[in-house]
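**Q** Structure supplied as protein-v4.tsv; contents: TSV, C-alpha atoms.
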chain	number	residue	atom	x	y	z
A	1	MET	CA	87.57	31.84	-157.77
A	2	PHE	CA	84.80	32.19	-155.19
A	3	GLU	CA	82.10	29.58	-155.40
A	4	PRO	CA	78.78	30.46	-153.70
A	5	GLY	CA	77.80	27.85	-151.17
A	6	LEU	CA	81.33	27.20	-149.91
A	7	GLU	CA	81.52	26.37	-146.22
A	8	CYS	CA	82.68	29.51	-144.48
A	9	GLN	CA	81.61	31.48	-141.48
A	10	PRO	CA	81.65	34.41	-141.87
A	11	CYS	CA	81.52	34.96	-145.62
A	12	THR	CA	80.96	38.10	-147.63
A	13	HIS	CA	80.77	38.45	-151.38
A	14	ASP	CA	79.95	41.24	-153.81
A	15	SER	CA	79.62	43.72	-150.93
A	16	THR	CA	80.81	47.30	-150.45
A	17	PHE	CA	82.14	48.71	-147.17
A	18	VAL	CA	82.73	52.50	-147.15
A	19	ASP	CA	83.64	54.94	-144.33
A	20	ASN	CA	83.18	52.52	-141.43
A	21	ALA	CA	85.19	53.04	-138.25
A	22	THR	CA	85.72	51.67	-134.77
A	23	VAL	CA	84.57	53.95	-131.96
A	24	GLY	CA	86.22	54.49	-128.56
A	25	VAL	CA	83.96	53.82	-125.61
A	26	ASP	CA	85.98	54.57	-122.47
A	27	SER	CA	89.50	54.64	-121.08
A	28	PHE	CA	89.70	50.85	-121.39
A	29	ASP	CA	89.15	50.95	-125.14
A	30	GLN	CA	92.26	49.85	-127.01
A	31	GLY	CA	91.76	51.56	-130.35
A	32	GLY	CA	89.77	48.99	-132.19
A	33	PHE	CA	89.95	46.01	-134.47
A	34	GLY	CA	88.71	46.05	-138.07
A	35	GLY	CA	87.07	49.25	-139.25
A	36	ALA	CA	84.59	47.30	-141.42
A	37	ILE	CA	84.87	43.66	-140.28
A	38	ALA	CA	86.32	42.13	-137.10
A	39	VAL	CA	86.44	38.39	-136.51
A	40	VAL	CA	87.90	37.41	-133.15
A	41	THR	CA	88.29	33.73	-132.35
A	42	TYR	CA	89.72	31.95	-129.35
A	43	PRO	CA	90.08	28.35	-128.16
A	44	GLY	CA	86.65	27.00	-127.35
A	45	ASN	CA	84.99	29.40	-129.81
A	46	PRO	CA	85.99	27.95	-133.17
A	47	ILE	CA	84.62	29.24	-136.44
A	48	GLY	CA	84.97	27.97	-139.97
A	49	SER	CA	87.04	29.74	-142.54
A	50	VAL	CA	86.68	33.46	-143.26
A	51	THR	CA	86.10	34.22	-146.95
A	52	LEU	CA	85.85	37.67	-148.51
A	53	ALA	CA	85.13	37.56	-152.24
A	54	ASN	CA	84.68	40.36	-154.76
A	55	ASP	CA	84.19	42.93	-151.99
A	56	ALA	CA	85.26	46.59	-152.03
A	57	PHE	CA	86.65	48.26	-148.89
A	58	THR	CA	87.14	52.04	-149.08
A	59	ALA	CA	88.11	54.57	-146.37
A	60	ASN	CA	87.47	52.30	-143.39
A	61	SER	CA	89.51	52.88	-140.23
A	62	THR	CA	90.29	52.15	-136.63
A	63	HIS	CA	90.23	55.25	-134.47
A	64	SER	CA	92.95	57.02	-132.53
A	65	GLY	CA	92.18	57.04	-128.84
A	66	PRO	CA	93.45	57.08	-125.27
A	67	VAL	CA	96.15	54.87	-123.83
A	68	TYR	CA	94.85	51.78	-122.04
A	69	GLN	CA	96.08	51.84	-118.44
A	70	ASP	CA	95.70	48.46	-116.75
A	71	PRO	CA	94.31	49.05	-113.23
A	72	GLU	CA	95.80	45.72	-112.14
A	73	CYS	CA	99.29	46.68	-113.30
A	74	PRO	CA	100.40	50.21	-112.34
A	75	GLY	CA	102.89	51.54	-114.87
A	76	CYS	CA	101.74	49.12	-117.57
A	77	SER	CA	100.17	50.47	-120.70
A	78	TRP	CA	99.53	49.27	-124.22
A	79	ASP	CA	97.26	50.01	-127.07
A	80	MET	CA	96.32	48.38	-130.36
A	81	ARG	CA	94.76	49.50	-133.60
A	82	ALA	CA	94.66	46.66	-136.11
A	83	GLY	CA	93.13	46.13	-139.55
A	84	GLY	CA	91.85	49.41	-140.96
A	85	ALA	CA	89.27	47.46	-143.00
A	86	VAL	CA	89.50	43.82	-141.83
A	87	PHE	CA	90.75	42.15	-138.64
A	88	VAL	CA	90.91	38.38	-138.16
A	89	GLY	CA	92.64	37.32	-134.96
A	90	GLY	CA	92.78	34.43	-132.61
A	91	ALA	CA	92.57	30.70	-132.89
A	92	GLY	CA	93.41	29.87	-136.47
A	93	ALA	CA	90.48	30.81	-138.71
A	94	PRO	CA	91.78	30.20	-142.28
A	95	THR	CA	91.21	33.42	-144.20
A	96	GLN	CA	90.71	33.83	-147.95
A	97	ILE	CA	90.56	37.17	-149.73
A	98	ILE	CA	89.57	36.71	-153.37
A	99	GLY	CA	89.09	39.46	-155.97
A	100	CYS	CA	88.69	42.25	-153.40
A	101	THR	CA	89.76	45.90	-153.58
A	102	PHE	CA	91.10	47.84	-150.61
A	103	THR	CA	91.46	51.60	-151.11
A	104	SER	CA	92.43	54.31	-148.59
A	105	ASN	CA	91.85	52.24	-145.44
A	106	ARG	CA	93.86	53.21	-142.34
A	107	THR	CA	94.65	52.24	-138.79
A	108	GLY	CA	94.52	55.06	-136.24
A	109	ASP	CA	97.53	56.59	-134.55
A	110	ALA	CA	98.69	54.96	-131.33
A	111	PRO	CA	98.94	57.64	-128.64
A	112	ALA	CA	102.07	58.71	-126.82
A	113	GLY	CA	102.15	58.72	-123.06
A	114	TYR	CA	102.95	55.24	-121.84
A	115	ASP	CA	105.73	53.91	-119.62
A	116	PRO	CA	108.36	52.32	-121.89
A	117	SER	CA	110.30	50.98	-118.88
A	118	TRP	CA	107.75	48.18	-118.42
A	119	PRO	CA	108.71	45.29	-120.75
A	120	GLY	CA	105.14	44.73	-121.96
A	121	SER	CA	104.46	48.34	-122.82
A	122	GLY	CA	103.90	49.38	-126.40
A	123	MET	CA	101.35	50.68	-128.79
A	124	PHE	CA	100.93	49.54	-132.32
A	125	SER	CA	98.94	50.27	-135.40
A	126	HIS	CA	99.32	47.37	-137.87
A	127	GLY	CA	97.59	46.34	-141.08
A	128	GLY	CA	96.35	49.44	-142.90
A	129	ALA	CA	93.85	47.33	-144.86
A	130	VAL	CA	94.07	43.80	-143.40
A	131	TYR	CA	95.37	42.31	-140.14
A	132	VAL	CA	95.39	38.53	-139.69
A	133	SER	CA	96.98	36.70	-136.78
A	134	GLY	CA	97.21	33.02	-135.91
A	135	ALA	CA	95.82	31.73	-139.21
A	136	THR	CA	96.53	30.88	-142.80
A	137	LEU	CA	95.97	33.90	-145.06
A	138	THR	CA	95.48	33.48	-148.80
A	139	VAL	CA	95.09	36.58	-150.97
A	140	THR	CA	94.23	36.07	-154.65
A	141	ASP	CA	93.56	38.56	-157.48
A	142	SER	CA	93.06	41.51	-155.11
A	143	VAL	CA	94.07	45.18	-155.35
A	144	PHE	CA	95.53	47.25	-152.48
A	145	THR	CA	95.86	51.00	-153.12
A	146	ASP	CA	96.81	53.87	-150.76
A	147	ASN	CA	96.20	52.01	-147.49
A	148	ALA	CA	98.26	53.12	-144.48
A	149	THR	CA	99.09	52.44	-140.88
A	150	GLY	CA	98.99	55.10	-138.22
A	151	THR	CA	101.96	55.91	-136.05
A	152	GLY	CA	102.99	53.75	-133.14
A	153	THR	CA	105.59	53.65	-130.41
A	154	THR	CA	107.90	50.86	-129.39
A	155	GLY	CA	108.30	49.42	-125.91
A	156	GLU	CA	110.83	46.72	-125.05
A	157	ALA	CA	108.38	44.14	-126.37
A	158	GLY	CA	109.03	45.52	-129.86
A	159	LEU	CA	105.35	45.74	-130.69
A	160	GLY	CA	105.33	49.39	-131.64
A	161	GLY	CA	105.06	51.27	-134.86
A	162	GLY	CA	102.87	50.84	-137.85
A	163	LYS	CA	103.65	47.74	-139.90
A	164	GLY	CA	101.98	46.42	-143.03
A	165	GLY	CA	100.47	49.34	-144.91
A	166	ALA	CA	98.37	46.89	-146.94
A	167	ILE	CA	98.57	43.56	-145.05
A	168	TYR	CA	99.99	42.55	-141.69
A	169	GLY	CA	100.32	38.89	-140.78
A	170	GLY	CA	100.89	38.51	-137.05
A	171	GLU	CA	102.18	35.62	-134.99
A	172	ASN	CA	101.72	32.13	-136.39
A	173	THR	CA	100.35	33.41	-139.69
A	174	THR	CA	101.19	31.77	-143.00
A	175	ARG	CA	100.69	34.11	-145.96
A	176	THR	CA	100.25	33.35	-149.66
A	177	VAL	CA	99.60	36.19	-152.12
A	178	THR	CA	99.06	35.59	-155.86
A	179	GLY	CA	97.85	37.72	-158.76
A	180	SER	CA	97.41	40.82	-156.57
A	181	SER	CA	98.68	44.39	-156.91
A	182	PHE	CA	99.98	46.82	-154.30
A	183	THR	CA	100.29	50.56	-155.00
A	184	GLY	CA	101.02	53.47	-152.64
A	185	ASN	CA	100.55	51.58	-149.38
A	186	GLY	CA	102.59	52.75	-146.40
Could you render the structure as structure tokens?
**A**
Amino acid sequence: MFEPGLECQPCTHDSTFVDNATVGVDSFDQGGFGGAIAVVTYPGNPIGSVTLANDAFTANSTHSGPVYQDPECPGCSWDMRAGGAVFVGGAGAPTQIIGCTFTSNRTGDAPAGYDPSWPGSGMFSHGGAVYVSGATLTVTDSVFTDNATGTGTTGEAGLGGGKGGAIYGGENTTRTVTGSSFTGNG
């Protein structure tokens, strides 16, 4: 149960997020993180825990866009769309999702047109509703309905495709889910 006043940064509670989307800016845009909320941490930029409580996320998305071509690495290309509604990635921000609903959120399609011969190439579209990487994720009493990932492609790195229609836990993520329901996610 969410208790107002808990130490968290950022925190949301009793909020509604509808029809939000990431927007492509230029050819270096990589598709976007978190259609409604994106929390990106890295060493040297620590944050407290991320807590979402009693929030509703509906029809949020990351966009489909161009392939990122690295000017420093000819033949290299990759692209990422992650967390149709929520993205938390980086240096270990513990994430709690309590009593939230996620309905019809989606990651965008990863484009074709990259060089699969380069080992680091690949496009992916993970976490139709939620993407968390490098953290502890706890989901309690939440409902996930009709969330979806876009299409992706697979390079040798194996990063491609769309994984986790409702939730995707990336590298170094510990997941605990209790009292939650999942219907029609893909």
**Q** For a quick check of understanding, using only C-alpha atoms, which of A:Ile47, A:Gly89, A:Thr12, A:Ala53 has the smallest distance to Phe33 in chain A?
**A**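 Using only C-alpha atoms, Phe33 in chain A sits closest to A:Gly89.
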**Q** Around (96.9, 31.4, -139.2) in the file's own coordinates, what residues are found within 9 Å if you use only C-alpha atoms, given back as an MDAnalysis selection string?
**A** chainID A and resid 89:95 132:137 169:175
**Q** What does the distance from CA of Ala148 in chain A to CA of His126 in chain A come to in Å, to one decimal?
**A**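 Distance reported for this atom pair: 8.8 Å.
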**Q** Under the rule that all atoms listed in the file are counted, which of A:Arg81, A:His63, A:His13, A:Arg106 is the nearest residue to Ser125 in chain A?
**A**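 For Ser125 in chain A, the nearest of the given residues is A:Arg81.
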**Q** When you draw a straight line from CA of Gly179 in chain A to CA of Val143 in chain A, how long is it in Å?
**A** 9.0 Å
**Q** Given only C-alpha atoms as the basis, pick out the residue of A:Leu52, A:Val39, A:Ala21, A:Ala82 nearest to Gly127 in chain A.
**A**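 When distances to Gly127 in chain A are compared using only C-alpha atoms, the smallest one comes from A:Ala82.
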**Q** Would you mind reading off the distance between CA of Asp55 in chain A and CA of Gly99 in chain A, one decimal, in Å?
**A** 7.2 Å
**Q** Could you check the closest approach to Asn54 in chain A for each of A:Val23, A:Cys11, A:Ala166, A:Val177 and tell me which residue wins, using all atoms listed in the file?
**A**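 Closest residue, counting all atoms listed in the file: A:Cys11.
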**Q** For Met80 in chain A, which of A:Thr107, A:Thr16, A:Ser49, A:Ile167 is the closest residue, counting all atoms listed in the file?
**A**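 Nearest to Met80 in chain A: A:Thr107.
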**Q** From the set A:Thr103, A:Ser15, A:Thr176, A:Asn20, which residue has the shortest atom-to-atom contact distance to Thr62 in chain A, counting only C-alpha atoms?
**A**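 Looking at the shortest contact to Thr62 in chain A, the residue is A:Asn20.
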**Q** Taking all atoms of range 135-145 of chain A that the file lists and extending 8 Å past them on each side, where is the centre of the axis-aligned box and how long are its edges? Answer in Å to one decimal, as AutoDock Vina command-line options.
**A**
--center_x 94.8 --center_y 40.9 --center_z -148.3 --size_x 19.5 --size_y 36.1 --size_z 34.3
